[in-house]
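Asks: Compact mmCIF, C-alpha atoms, file protein_23.txt:
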```
# COMPACT_ATOMS: atom_id res chain seq x y z
CA MET A 1 -7.79 10.57 44.35
CA ILE A 2 -10.51 8.07 43.50
CA SER A 3 -9.05 4.72 42.50
CA LEU A 4 -10.54 2.50 39.82
CA TYR A 5 -11.47 -0.08 42.47
CA ARG A 6 -15.13 -1.08 42.73
CA PRO A 7 -15.98 -2.62 46.11
CA GLY A 8 -17.57 -6.05 46.17
CA THR A 9 -17.49 -9.53 47.64
CA SER A 10 -17.05 -11.62 44.49
CA PRO A 11 -14.56 -14.51 44.28
CA LEU A 12 -12.21 -12.19 42.38
CA HIS A 13 -12.43 -9.56 45.12
CA ARG A 14 -11.56 -12.16 47.74
CA MET A 15 -8.63 -13.66 45.85
CA PRO A 16 -5.18 -12.49 47.09
CA ALA A 17 -3.72 -9.81 44.83
CA GLY A 18 -0.61 -11.77 43.86
CA ARG A 19 -2.55 -14.86 42.78
CA LYS A 20 -5.07 -12.70 40.90
CA LEU A 21 -2.29 -10.92 39.00
CA LEU A 22 -0.87 -14.30 37.99
CA LEU A 23 -4.25 -15.74 36.95
CA ILE A 24 -5.35 -12.75 34.90
CA GLY A 25 -1.83 -12.33 33.56
CA VAL A 26 -1.93 -15.86 32.14
CA LEU A 27 -5.38 -15.22 30.68
CA VAL A 28 -4.21 -11.97 29.07
CA LEU A 29 -1.20 -13.73 27.60
CA ALA A 30 -3.37 -16.57 26.27
CA ILE A 31 -5.83 -14.21 24.58
CA SER A 32 -3.10 -12.06 23.07
CA ILE A 33 -0.79 -14.74 21.60
CA TYR A 34 -3.33 -17.34 20.44
CA PRO A 35 -3.75 -17.13 16.63
CA HIS A 36 -7.47 -16.33 16.70
CA THR A 37 -10.17 -17.13 14.20
CA LEU A 38 -13.57 -15.47 14.55
CA TRP A 39 -14.72 -18.60 16.45
CA THR A 40 -11.99 -18.70 19.09
CA LEU A 41 -12.36 -14.96 19.43
CA GLY A 42 -16.03 -15.54 20.27
CA ILE A 43 -14.94 -17.90 23.05
CA ALA A 44 -12.52 -15.25 24.35
CA VAL A 45 -15.34 -12.68 24.35
CA ALA A 46 -17.48 -15.12 26.35
CA VAL A 47 -14.66 -15.69 28.85
CA VAL A 48 -14.13 -11.96 29.44
CA VAL A 49 -17.89 -11.27 29.75
CA ALA A 50 -18.12 -14.16 32.21
CA GLY A 51 -15.20 -12.67 34.12
CA TYR A 52 -17.05 -9.37 34.50
CA LEU A 53 -20.22 -11.18 35.62
CA ILE A 54 -18.26 -13.27 38.16
CA ALA A 55 -16.57 -10.11 39.46
CA GLY A 56 -20.01 -8.61 40.06
CA GLN A 57 -19.41 -5.78 37.58
CA GLY A 58 -22.30 -6.70 35.33
CA ILE A 59 -22.70 -5.68 31.70
CA SER A 60 -22.88 -2.03 32.75
CA GLY A 61 -19.46 -2.31 34.41
CA LEU A 62 -18.10 -3.89 31.25
CA TRP A 63 -19.60 -1.10 29.14
CA ARG A 64 -18.07 1.54 31.39
CA GLN A 65 -14.63 0.05 30.73
CA VAL A 66 -15.29 -0.10 26.98
CA ARG A 67 -16.25 3.59 27.00
CA MET A 68 -12.96 4.46 28.72
CA VAL A 69 -10.94 3.07 25.80
CA TRP A 70 -13.28 3.73 22.88
CA MET A 71 -11.02 6.31 21.27
CA LEU A 72 -8.06 3.94 21.26
CA ILE A 73 -10.23 1.16 19.83
CA VAL A 74 -11.69 3.34 17.08
CA PHE A 75 -8.22 4.63 16.19
CA THR A 76 -6.84 1.07 16.07
CA GLY A 77 -9.83 -0.24 14.13
CA VAL A 78 -9.73 2.47 11.47
CA PHE A 79 -6.02 1.97 10.92
CA GLN A 80 -6.46 -1.80 10.70
CA LEU A 81 -9.17 -1.36 8.06
CA ILE A 82 -6.91 0.83 5.96
CA PHE A 83 -4.15 -1.79 5.81
CA VAL A 84 -5.72 -5.25 6.24
CA PRO A 85 -9.01 -6.94 5.13
CA TRP A 86 -11.95 -6.65 7.51
CA PRO A 87 -11.91 -10.12 9.17
CA ALA A 88 -8.30 -9.67 10.27
CA ALA A 89 -8.99 -6.08 11.30
CA THR A 90 -11.96 -7.18 13.42
CA ILE A 91 -10.00 -9.96 15.07
CA THR A 92 -7.04 -7.74 15.99
CA THR A 93 -9.17 -4.84 17.23
CA THR A 94 -11.39 -7.12 19.32
CA ARG A 95 -8.36 -8.95 20.69
CA ILE A 96 -6.79 -5.66 21.82
CA LEU A 97 -10.07 -4.59 23.46
CA LEU A 98 -10.46 -7.96 25.21
CA VAL A 99 -6.93 -7.93 26.59
CA ILE A 100 -7.40 -4.43 28.01
CA LEU A 101 -10.81 -5.32 29.50
CA CYS A 102 -9.37 -8.50 31.00
CA ALA A 103 -6.45 -6.71 32.66
CA ALA A 104 -8.78 -3.97 33.91
CA LEU A 105 -10.52 -6.64 35.99
CA ILE A 106 -7.46 -6.63 38.26
CA SER A 107 -7.85 -2.93 39.02
CA LEU A 108 -11.63 -3.17 39.40
CA THR A 109 -11.45 -5.91 42.03
CA THR A 110 -8.26 -5.07 43.95
CA GLN A 111 -7.87 -2.23 46.42
CA THR A 112 -4.97 0.09 45.63
CA SER A 113 -3.42 -0.66 49.03
CA ALA A 114 -3.48 -4.39 48.29
CA MET A 115 -1.86 -3.75 44.91
CA LEU A 116 0.83 -1.59 46.52
CA ASP A 117 1.54 -4.38 49.03
CA ALA A 118 1.74 -6.89 46.17
CA ILE A 119 4.16 -4.61 44.29
CA GLU A 120 6.35 -4.28 47.39
CA ARG A 121 6.34 -8.05 47.92
CA GLY A 122 7.12 -8.64 44.25
CA LEU A 123 10.09 -6.27 44.39
CA THR A 124 11.55 -7.66 47.62
CA PRO A 125 13.56 -10.47 45.90
CA LEU A 126 15.31 -7.76 43.85
CA SER A 127 17.10 -6.55 46.99
CA ARG A 128 20.07 -8.68 45.91
CA ILE A 129 20.67 -6.37 42.94
CA GLY A 130 20.26 -3.25 45.03
CA VAL A 131 16.54 -2.50 44.61
CA ARG A 132 15.16 -1.38 47.96
CA ALA A 133 11.52 -2.39 48.00
CA ASP A 134 10.85 -0.51 51.24
CA ARG A 135 12.11 2.72 49.67
CA ILE A 136 9.92 2.22 46.61
CA ALA A 137 6.91 1.52 48.82
CA LEU A 138 7.63 4.70 50.78
CA LEU A 139 7.93 6.65 47.51
CA LEU A 140 4.58 5.34 46.28
CA ALA A 141 2.83 6.22 49.55
CA LEU A 142 4.52 9.62 49.62
CA THR A 143 3.41 10.40 46.05
CA ILE A 144 -0.20 9.50 46.81
CA THR A 145 -0.26 11.97 49.69
CA VAL A 146 1.52 14.68 47.67
CA ILE A 147 -0.84 14.62 44.64
CA PRO A 148 -3.60 16.62 46.44
CA VAL A 149 -0.98 19.15 47.58
CA ILE A 150 0.22 19.78 44.02
CA LEU A 151 -3.38 19.88 42.81
CA GLY A 152 -3.97 22.56 45.46
CA PHE A 153 -1.05 24.60 44.09
CA ALA A 154 -2.54 24.31 40.59
CA ARG A 155 -5.97 25.49 41.82
CA ASP A 156 -4.40 28.41 43.71
CA ILE A 157 -2.55 29.56 40.60
CA ILE A 158 -5.68 29.32 38.45
CA THR A 159 -7.67 31.27 41.06
CA ALA A 160 -4.97 33.93 41.25
CA HIS A 161 -4.98 34.25 37.47
CA ARG A 162 -8.72 34.60 37.40
CA ALA A 163 -8.62 37.30 40.06
CA ARG A 164 -6.15 39.29 37.95
CA GLY A 165 -7.82 38.55 34.63
CA VAL A 166 -4.72 36.82 33.25
CA ARG A 167 -5.26 34.26 30.51
CA PRO A 168 -3.50 31.10 31.70
CA GLY A 169 -0.86 29.80 29.32
CA PRO A 170 2.09 27.43 29.60
CA ARG A 171 4.40 30.08 30.97
CA THR A 172 2.00 31.83 33.34
CA PHE A 173 0.60 28.55 34.65
CA VAL A 174 3.36 25.94 34.60
CA VAL A 175 6.32 28.10 35.71
CA PRO A 176 4.66 29.18 38.99
CA LEU A 177 3.45 25.61 39.46
CA LEU A 178 7.00 24.31 39.00
CA VAL A 179 8.41 26.88 41.44
CA HIS A 180 5.78 26.03 44.09
CA THR A 181 6.31 22.33 43.51
CA MET A 182 10.10 22.33 43.71
CA ARG A 183 10.08 24.60 46.76
CA PHE A 184 7.69 22.17 48.42
CA ALA A 185 10.01 19.30 47.43
CA ASP A 186 12.90 20.99 49.25
CA GLU A 187 10.80 21.41 52.39
CA LEU A 188 9.56 17.83 52.20
CA GLY A 189 13.13 16.63 51.70
CA GLU A 190 14.29 18.47 54.79
CA ALA A 191 11.41 16.96 56.75
CA LEU A 192 12.38 13.48 55.55
CA VAL A 193 16.05 14.01 56.42
CA ALA A 194 14.99 15.30 59.84
CA ARG A 195 13.14 12.04 60.33
CA GLY A 196 16.23 10.00 59.61
CA LEU A 197 15.99 9.35 55.85
CA ARG A 198 19.51 10.47 55.17
CA SER A 199 20.63 7.94 52.58
CA MET B 1 22.99 0.60 36.32
CA THR B 2 20.55 -0.55 39.00
CA THR B 3 23.13 -0.89 41.76
CA ARG B 4 23.78 2.77 42.43
CA THR B 5 23.86 4.37 45.83
CA SER B 6 20.34 4.71 47.14
CA PHE B 7 18.44 8.00 47.03
CA GLY B 8 18.49 10.16 50.16
CA GLY B 9 15.58 11.99 51.77
CA ALA B 10 15.84 15.06 49.56
CA ASP B 11 15.97 12.89 46.45
CA LEU B 12 12.96 10.85 47.58
CA ALA B 13 11.03 14.08 48.14
CA ARG B 14 11.85 15.40 44.68
CA ILE B 15 10.97 12.11 43.02
CA ALA B 16 7.62 11.84 44.83
CA VAL B 17 6.72 15.48 44.29
CA PHE B 18 7.57 15.37 40.60
CA ALA B 19 5.65 12.14 40.08
CA ALA B 20 2.68 13.90 41.66
CA LEU B 21 3.22 16.90 39.39
CA ILE B 22 3.18 14.73 36.27
CA ALA B 23 -0.07 13.20 37.51
CA VAL B 24 -1.61 16.64 38.06
CA LEU B 25 -0.50 17.80 34.59
CA GLY B 26 -2.48 14.90 33.15
CA MET B 27 -5.71 15.91 34.88
CA PRO B 28 -8.50 17.56 32.90
CA PRO B 29 -8.70 20.77 35.01
CA ALA B 30 -5.03 21.45 34.40
CA ILE B 31 -5.45 20.81 30.69
CA ALA B 32 -8.44 23.13 30.41
CA ALA B 33 -6.47 25.90 32.06
CA PHE B 34 -3.43 24.97 30.09
CA GLY B 35 -4.14 25.72 26.48
CA GLY B 36 -7.83 26.30 25.97
CA ALA B 37 -9.30 24.05 23.35
CA VAL B 38 -6.16 22.24 22.23
CA PRO B 39 -6.85 18.54 22.78
CA ILE B 40 -3.40 17.66 24.00
CA THR B 41 -2.55 16.72 27.54
CA ALA B 42 0.31 18.28 29.41
CA GLN B 43 1.47 14.92 30.74
CA THR B 44 4.23 14.28 28.20
CA LEU B 45 5.39 17.80 28.98
CA GLY B 46 5.75 16.73 32.62
CA VAL B 47 7.76 13.72 31.53
CA MET B 48 10.13 15.92 29.50
CA LEU B 49 10.49 18.34 32.42
CA ALA B 50 11.33 15.45 34.76
CA GLY B 51 14.43 14.85 32.65
CA THR B 52 15.51 18.47 32.34
CA ILE B 53 14.82 19.44 35.97
CA LEU B 54 15.49 16.31 38.03
CA GLY B 55 18.18 14.85 35.79
CA PRO B 56 18.33 11.32 34.37
CA TRP B 57 18.06 9.05 37.43
CA ARG B 58 15.70 10.93 39.71
CA GLY B 59 13.63 11.87 36.66
CA ALA B 60 13.35 8.26 35.54
CA ALA B 61 12.46 7.26 39.11
CA ALA B 62 9.65 9.84 39.17
CA VAL B 63 8.17 8.45 35.94
CA LEU B 64 8.52 4.88 37.21
CA VAL B 65 6.71 5.81 40.44
CA LEU B 66 3.89 7.36 38.42
CA GLU B 67 3.56 4.23 36.30
CA LEU B 68 3.59 1.92 39.33
CA LEU B 69 0.76 3.97 40.84
CA ALA B 70 -1.15 3.71 37.57
CA PHE B 71 -0.58 -0.05 37.60
CA ALA B 72 -1.82 -0.19 41.19
CA GLY B 73 -5.16 1.20 40.00
CA LEU B 74 -4.94 4.97 40.40
CA PRO B 75 -6.15 7.07 37.44
CA VAL B 76 -2.96 9.13 37.27
CA LEU B 77 -2.32 8.90 33.53
CA ALA B 78 -3.56 11.52 31.07
CA GLY B 79 -7.31 12.05 31.11
CA GLY B 80 -7.87 9.85 34.17
CA ARG B 81 -6.54 6.64 32.66
CA GLY B 82 -4.88 4.02 34.82
CA GLY B 83 -5.13 0.46 35.99
CA ALA B 84 -3.51 -2.71 34.74
CA GLY B 85 -5.36 -2.43 31.40
CA VAL B 86 -3.13 0.42 30.27
CA PHE B 87 -0.10 -1.86 30.45
CA VAL B 88 -1.44 -4.44 28.01
CA GLY B 89 -2.73 -1.97 25.40
CA PRO B 90 -0.97 -0.89 22.19
CA SER B 91 0.48 2.20 23.84
CA VAL B 92 2.47 0.31 26.51
CA GLY B 93 5.69 0.87 24.52
CA TYR B 94 5.31 4.62 24.95
CA LEU B 95 5.09 4.17 28.73
CA ILE B 96 8.35 2.19 28.65
CA GLY B 97 9.77 4.82 26.32
CA TRP B 98 8.97 7.55 28.87
CA ILE B 99 11.49 6.05 31.28
CA ALA B 100 14.20 5.65 28.64
CA GLY B 101 13.37 9.09 27.24
CA VAL B 102 13.76 10.82 30.59
CA ILE B 103 17.18 9.20 31.03
CA VAL B 104 18.27 10.38 27.57
CA ILE B 105 16.96 13.92 28.23
CA GLY B 106 18.66 14.08 31.61
CA LEU B 107 21.98 12.78 30.32
CA ILE B 108 22.06 15.29 27.47
CA VAL B 109 20.64 18.36 29.21
CA ARG B 110 22.43 17.90 32.52
CA ALA B 111 25.69 16.60 31.03
CA ASP B 112 28.02 19.27 32.38
CA ARG B 113 26.02 20.38 35.42
CA ARG B 114 26.05 24.01 34.33
CA ARG B 115 23.06 26.11 33.29
CA PRO B 116 20.91 24.43 30.63
CA THR B 117 21.54 26.12 27.28
CA ILE B 118 18.79 26.47 24.72
CA LEU B 119 20.69 24.35 22.20
CA ARG B 120 21.47 21.43 24.49
CA THR B 121 18.03 21.48 26.07
CA SER B 122 16.38 21.44 22.64
CA ILE B 123 18.55 18.55 21.42
CA GLY B 124 17.91 16.62 24.63
CA VAL B 125 14.16 17.12 24.60
CA VAL B 126 13.81 16.15 20.93
CA LEU B 127 16.12 13.11 21.11
CA GLY B 128 14.83 11.91 24.48
CA GLY B 129 11.29 13.21 24.59
CA ILE B 130 10.33 12.37 21.01
CA VAL B 131 12.85 10.09 19.22
CA THR B 132 13.50 7.76 22.16
CA ILE B 133 9.85 7.54 23.22
CA TYR B 134 8.74 6.76 19.64
CA ALA B 135 11.62 4.27 19.28
CA PHE B 136 10.08 2.25 22.11
CA GLY B 137 6.43 2.99 21.36
CA ILE B 138 6.27 2.17 17.66
CA PRO B 139 7.75 -1.39 17.77
CA PHE B 140 5.43 -2.38 20.64
CA GLN B 141 2.45 -0.87 18.84
CA ALA B 142 3.41 -2.63 15.60
CA GLY B 143 3.73 -5.94 17.44
CA ILE B 144 0.44 -5.66 19.33
CA THR B 145 -1.65 -4.39 16.42
CA GLY B 146 -0.02 -6.82 13.98
CA LEU B 147 0.45 -4.07 11.43
CA GLY B 148 3.90 -3.65 9.99
CA PHE B 149 6.42 -1.12 11.11
CA GLY B 150 5.62 1.23 8.22
CA PRO B 151 1.89 1.75 8.82
CA THR B 152 2.45 2.08 12.57
CA PHE B 153 5.11 4.68 11.95
CA LEU B 154 2.69 6.58 9.71
CA SER B 155 -0.05 6.46 12.34
CA SER B 156 2.30 7.76 15.02
CA LEU B 157 3.09 10.77 12.82
CA LEU B 158 -0.39 12.03 13.74
CA PHE B 159 0.93 12.77 17.22
CA LEU B 160 4.20 14.33 16.08
CA PRO B 161 2.93 17.95 15.76
CA GLY B 162 1.55 17.89 19.31
CA ASP B 163 4.76 16.40 20.65
CA LEU B 164 6.87 19.00 18.83
CA ILE B 165 4.79 21.77 20.41
CA LYS B 166 5.28 20.15 23.81
CA ALA B 167 9.03 19.91 23.19
CA VAL B 168 9.22 23.63 22.38
CA ILE B 169 7.19 24.45 25.51
CA ALA B 170 9.36 22.13 27.63
CA VAL B 171 12.52 23.94 26.49
CA ALA B 172 11.00 27.37 27.18
CA LEU B 173 9.76 26.26 30.62
CA THR B 174 13.10 24.73 31.56
CA LEU B 175 14.95 27.95 30.74
CA ALA B 176 12.28 30.06 32.46
CA LEU B 177 12.49 27.93 35.61
CA TRP B 178 16.26 28.29 35.60
CA ARG B 179 15.80 32.05 35.75
CA ALA B 180 12.95 31.92 38.28
CA TYR B 181 14.20 29.26 40.69
CA PRO B 182 17.61 27.75 39.91
CA ARG B 183 17.55 25.77 43.16
CA ALA B 184 15.02 23.49 41.49
CA PHE B 185 17.90 22.05 39.48
CA GLY B 186 19.86 21.24 42.67
CA GLN B 187 22.22 18.41 42.04
CA THR B 188 21.89 15.82 44.78
CA SER B 189 21.58 15.24 48.48
CA ARG B 190 24.27 12.60 48.76
CA ARG B 191 25.92 14.76 51.35
CA PRO B 192 23.71 16.44 53.93
CA GLN B 193 22.93 20.00 52.93
CA ALA B 194 23.77 22.73 55.38
CA SER B 195 20.99 25.11 54.51
CA SER B 196 20.29 28.02 56.79
CA ASP B 197 16.51 27.89 56.80
CA THR B 198 16.24 24.26 57.89
CA VAL B 199 14.42 24.80 61.17
CA THR B 200 11.60 26.97 59.86
CA SER B 201 11.12 24.85 56.76
CA VAL B 202 10.82 21.65 58.75
CA ASN B 203 8.23 23.21 61.00
CA GLU B 204 6.24 24.48 58.06
CA SER B 205 6.21 21.20 56.21
CA ALA B 206 5.66 18.94 59.20
CA PRO B 207 1.83 18.83 59.02
CA THR B 208 1.87 17.80 55.37
CA THR B 209 4.16 14.80 55.75
CA PRO B 210 2.53 11.40 56.12
CA GLN B 211 2.88 9.26 59.23
CA ALA B 212 4.62 12.13 60.97
```
Using the file provided, produce a representation of the structure as structure tokens.
Replies:
Amino acid sequence: MISLYRPGTSPLHRMPAGRKLLLIGVLVLAISIYPHTLWTLGIAVAVVVAGYLIAGQGISGLWRQVRMVWMLIVFTGVFQLIFVPWPAATITTTRILLVILCAALISLTTQTSAMLDAIERGLTPLSRIGVRADRIALLLALTITVIPVILGFARDIITAHRARGVRPGPRTFVVPLLVHTMRFADELGEALVARGLRS
Amino acid sequence: MTTRTSFGGADLARIAVFAALIAVLGMPPAIAAFGGAVPITAQTLGVMLAGTILGPWRGAAAVLVLELLAFAGLPVLAGGRGGAGVFVGPSVGYLIGWIAGVIVIGLIVRADRRRPTILRTSIGVVLGGIVTIYAFGIPFQAGITGLGFGPTFLSSLLFLPGDLIKAVIAVALTLALWRAYPRAFGQTSRRPQASSDTVTSVNESAPTTPQA
């Protein structure tokens, strides 16, 4: 599984994940709740573009992110135009795009492992109400390693269908996938119990 | 409801494996094989199945795990989406609704721990997988886009036919899985299971477990 992370040595890359989440979180909040005019929106655009340049993503990196959400933005924009006049529609649509682009900076400059560590650390104080951060961290790591296994099951089933000339549909594809998957879950569960994860 | 007894090894395995399954159902190769040219992803289907197969709490945990991985920067959401950006967009309410929806589905479908009937499964999937998810998604979308509740509701109707199809498929798949592999619906591992094939299974699965 290829993460969204783009390696680099920018100040954002070097910032600890927790602090970066806080910083960008505040920025996202500021952009989304400030009652924008076209002018302040221009400033927000400049801030986000500067953020991408500082993070070493360049305009091409920014554009790649825009392309990933273009359908959502077009959908939002068209609906805005139907119900509100164009300046308001432009402001809202741009604001939504900016907030998404801004938050995406976190994922672009933070390795998944660092994010997972930050999540575990963030959940640790919740142990008082019964949330076990170590268990959640184990679950996340386990899921990452299991995804390729399930993907392998899916490929096997598709190959088997092709060999028999069966047209894959929900029932002929998903039911075998579910059976393979749940059988694998039982085996994995027994392996975990055997390693001492009883409760 | 957060202070329940913690999940055991078998529960952890089911949660992780199902979270992975939902991720795989959102991947383009699976979609292409899934229905041909229909531009819907199978991911919501996976969310509905998490409720009917794993039950409310393990199902909700599986969806939460998937969303945490997406937040951590893995492209595990439909069509390779992921990252922190997803959680500040207009559709964030639907992601929250997934968790609530799975709980509703699980509570309705698995209420009496007997075989899932077509009637109860259908009610559960529609109330949890559509009504509950929309009930969370639409207010968030209305708030973020600044449009009123009415227009947002109208816009969400565009997705209703696809979701209804997925609900029908989810019901059919749940009943088919019950016939094909009822063990998948196994209740819990609170008490250690005394299954006869433990030794061979452990040996088989040992190479695939991490940090063995």
Asks: Pull out every residue of chain A that has at least one atom within 7 Å of chain B, counting all atoms listed in the file, and report them as number ranges by chain.
Replies: A: 3-5, 92, 96, 99-101, 103-104, 106-107, 112, 115-116, 129-130, 139-140, 142-143, 146-147, 150-151, 168-171, 175, 179, 181-182, 185-193, 197-199
Asks: How far is it from CA of Leu27 (chain A) to CA of Ile73 (chain A), in Å with one decimal?
Replies: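 It comes out at 20.2 Å.
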Asks: For CA of Ser122 (chain B) and CA of Gly106 (chain B), determine how far apart the two atoms are, in Å to one decimal place.
Replies: 11.8 Å
Asks: Of the candidates A:Leu22, A:Leu105, A:Val174, A:Ala89, which shows the shortest atom-to-atom distance to Gly58 (chain A), using only C-alpha atoms?
Replies: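 Looking at the shortest contact to Gly58 (chain A), the residue is A:Leu105.
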Asks: Go ahead and compute the interatomic distance for CA of Gly165 (chain A) and CA of Pro148 (chain A), in Å to one decimal.
Replies: 25.3 Å
Asks: B:Thr117, B:Ala100, B:Leu158, B:Gly143: which is nearest Ile33 (chain A), counting only C-alpha atoms?
Replies: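 Using only C-alpha atoms, Ile33 (chain A) sits closest to B:Gly143.
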Asks: Within 8 Å of Phe153 (chain A), counting all atoms listed in the file, which residues qualify if same-chain residues fewer than 4 places away don't, as number ranges by chain?
Replies: A: 149, 157, 177, 180-181
Asks: Go ahead and write the residues just picked, C-alpha atoms, as a PDB file, in the frame of the given file.
Replies:
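Listing of selection34.pdb after writing:
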```pdb
ATOM      1  CA  VAL A 149      -0.980  19.150  47.580  1.00  0.00           C
ATOM      2  CA  ILE A 157      -2.550  29.560  40.600  1.00  0.00           C
ATOM      3  CA  LEU A 177       3.450  25.610  39.460  1.00  0.00           C
ATOM      4  CA  HIS A 180       5.780  26.030  44.090  1.00  0.00           C
ATOM      5  CA  THR A 181       6.310  22.330  43.510  1.00  0.00           C
TER       6      THR A 181
END
```
Asks: Can you pull out the residues contacting Thr44 (chain B)? Cut-off 12 Å, using only C-alpha atoms, and skip same-chain residues under 4 positions away; I want them as a PyMOL selection string.
Replies: chain B and resi 21-26+31+40+48-51+63+77-78+94-95+97-99+101-102+125+128-130+133+159+162-167+169-170
Asks: Generate a file of the selected residues that holds C-alpha atoms, formatted as an mmCIF file, keeping the file's coordinate frame.
Replies:
```cif
data_model
loop_
_atom_site.group_PDB
_atom_site.id
_atom_site.type_symbol
_atom_site.label_atom_id
_atom_site.label_comp_id
_atom_site.auth_asym_id
_atom_site.auth_seq_id
_atom_site.Cartn_x
_atom_site.Cartn_y
_atom_site.Cartn_z
ATOM 1 C CA LEU B 21 3.220 16.900 39.390
ATOM 2 C CA ILE B 22 3.180 14.730 36.270
ATOM 3 C CA ALA B 23 -0.070 13.200 37.510
ATOM 4 C CA VAL B 24 -1.610 16.640 38.060
ATOM 5 C CA LEU B 25 -0.500 17.800 34.590
ATOM 6 C CA GLY B 26 -2.480 14.900 33.150
ATOM 7 C CA ILE B 31 -5.450 20.810 30.690
ATOM 8 C CA ILE B 40 -3.400 17.660 24.000
ATOM 9 C CA MET B 48 10.130 15.920 29.500
ATOM 10 C CA LEU B 49 10.490 18.340 32.420
ATOM 11 C CA ALA B 50 11.330 15.450 34.760
ATOM 12 C CA GLY B 51 14.430 14.850 32.650
ATOM 13 C CA VAL B 63 8.170 8.450 35.940
ATOM 14 C CA LEU B 77 -2.320 8.900 33.530
ATOM 15 C CA ALA B 78 -3.560 11.520 31.070
ATOM 16 C CA TYR B 94 5.310 4.620 24.950
ATOM 17 C CA LEU B 95 5.090 4.170 28.730
ATOM 18 C CA GLY B 97 9.770 4.820 26.320
ATOM 19 C CA TRP B 98 8.970 7.550 28.870
ATOM 20 C CA ILE B 99 11.490 6.050 31.280
ATOM 21 C CA GLY B 101 13.370 9.090 27.240
ATOM 22 C CA VAL B 102 13.760 10.820 30.590
ATOM 23 C CA VAL B 125 14.160 17.120 24.600
ATOM 24 C CA GLY B 128 14.830 11.910 24.480
ATOM 25 C CA GLY B 129 11.290 13.210 24.590
ATOM 26 C CA ILE B 130 10.330 12.370 21.010
ATOM 27 C CA ILE B 133 9.850 7.540 23.220
ATOM 28 C CA PHE B 159 0.930 12.770 17.220
ATOM 29 C CA GLY B 162 1.550 17.890 19.310
ATOM 30 C CA ASP B 163 4.760 16.400 20.650
ATOM 31 C CA LEU B 164 6.870 19.000 18.830
ATOM 32 C CA ILE B 165 4.790 21.770 20.410
ATOM 33 C CA LYS B 166 5.280 20.150 23.810
ATOM 34 C CA ALA B 167 9.030 19.910 23.190
ATOM 35 C CA ILE B 169 7.190 24.450 25.510
ATOM 36 C CA ALA B 170 9.360 22.130 27.630
#
```
Asks: Leaving out Leu81 (chain A) and any residue of its chain fewer than 2 positions from it, which residues lie within 12 Å of it when counting all atoms listed in the file, given as a list in words?
Replies: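 Answer for this query is Val74, Phe75, Thr76, Gly77, Val78, Phe79, Phe83, Val84, Pro85, Trp86, Pro87, Ala88, Ala89, Thr90, Ile91, Thr92 and Thr93 of chain A; Thr145, Leu147 and Pro151 of chain B.
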Asks: Can region 62-70 of chain A be brought up to N, CA, C and O atoms and written out as a JSON list (two decimals), in the coordinates of the input?
Replies:
```json
[["chain", "number", "residue", "atom", "x", "y", "z"],
["A", 62, "LEU", "N", -18.88, -3.57, 32.45],
["A", 62, "LEU", "CA", -18.10, -3.89, 31.25],
["A", 62, "LEU", "C", -18.16, -2.72, 30.27],
["A", 62, "LEU", "O", -17.16, -2.27, 29.72],
["A", 63, "TRP", "N", -19.38, -2.20, 30.08],
["A", 63, "TRP", "CA", -19.60, -1.10, 29.14],
["A", 63, "TRP", "C", -18.84, 0.15, 29.56],
["A", 63, "TRP", "O", -18.29, 0.87, 28.73],
["A", 64, "ARG", "N", -18.79, 0.38, 30.90],
["A", 64, "ARG", "CA", -18.07, 1.54, 31.39],
["A", 64, "ARG", "C", -16.59, 1.46, 31.01],
["A", 64, "ARG", "O", -15.97, 2.45, 30.62],
["A", 65, "GLN", "N", -16.04, 0.24, 31.11],
["A", 65, "GLN", "CA", -14.63, 0.05, 30.73],
["A", 65, "GLN", "C", -14.43, 0.25, 29.23],
["A", 65, "GLN", "O", -13.44, 0.82, 28.80],
["A", 66, "VAL", "N", -15.39, -0.25, 28.44],
["A", 66, "VAL", "CA", -15.29, -0.10, 26.98],
["A", 66, "VAL", "C", -15.27, 1.39, 26.63],
["A", 66, "VAL", "O", -14.49, 1.85, 25.80],
["A", 67, "ARG", "N", -16.16, 2.15, 27.30],
["A", 67, "ARG", "CA", -16.25, 3.59, 27.00],
["A", 67, "ARG", "C", -14.95, 4.31, 27.31],
["A", 67, "ARG", "O", -14.59, 5.29, 26.67],
["A", 68, "MET", "N", -14.21, 3.80, 28.34],
["A", 68, "MET", "CA", -12.96, 4.46, 28.72],
["A", 68, "MET", "C", -11.89, 4.34, 27.63],
["A", 68, "MET", "O", -10.97, 5.14, 27.59],
["A", 69, "VAL", "N", -11.98, 3.28, 26.81],
["A", 69, "VAL", "CA", -10.94, 3.07, 25.80],
["A", 69, "VAL", "C", -11.46, 3.21, 24.38],
["A", 69, "VAL", "O", -10.79, 2.83, 23.43],
["A", 70, "TRP", "N", -12.68, 3.76, 24.21],
["A", 70, "TRP", "CA", -13.28, 3.73, 22.88],
["A", 70, "TRP", "C", -12.45, 4.46, 21.84],
["A", 70, "TRP", "O", -12.36, 4.05, 20.68]]
```
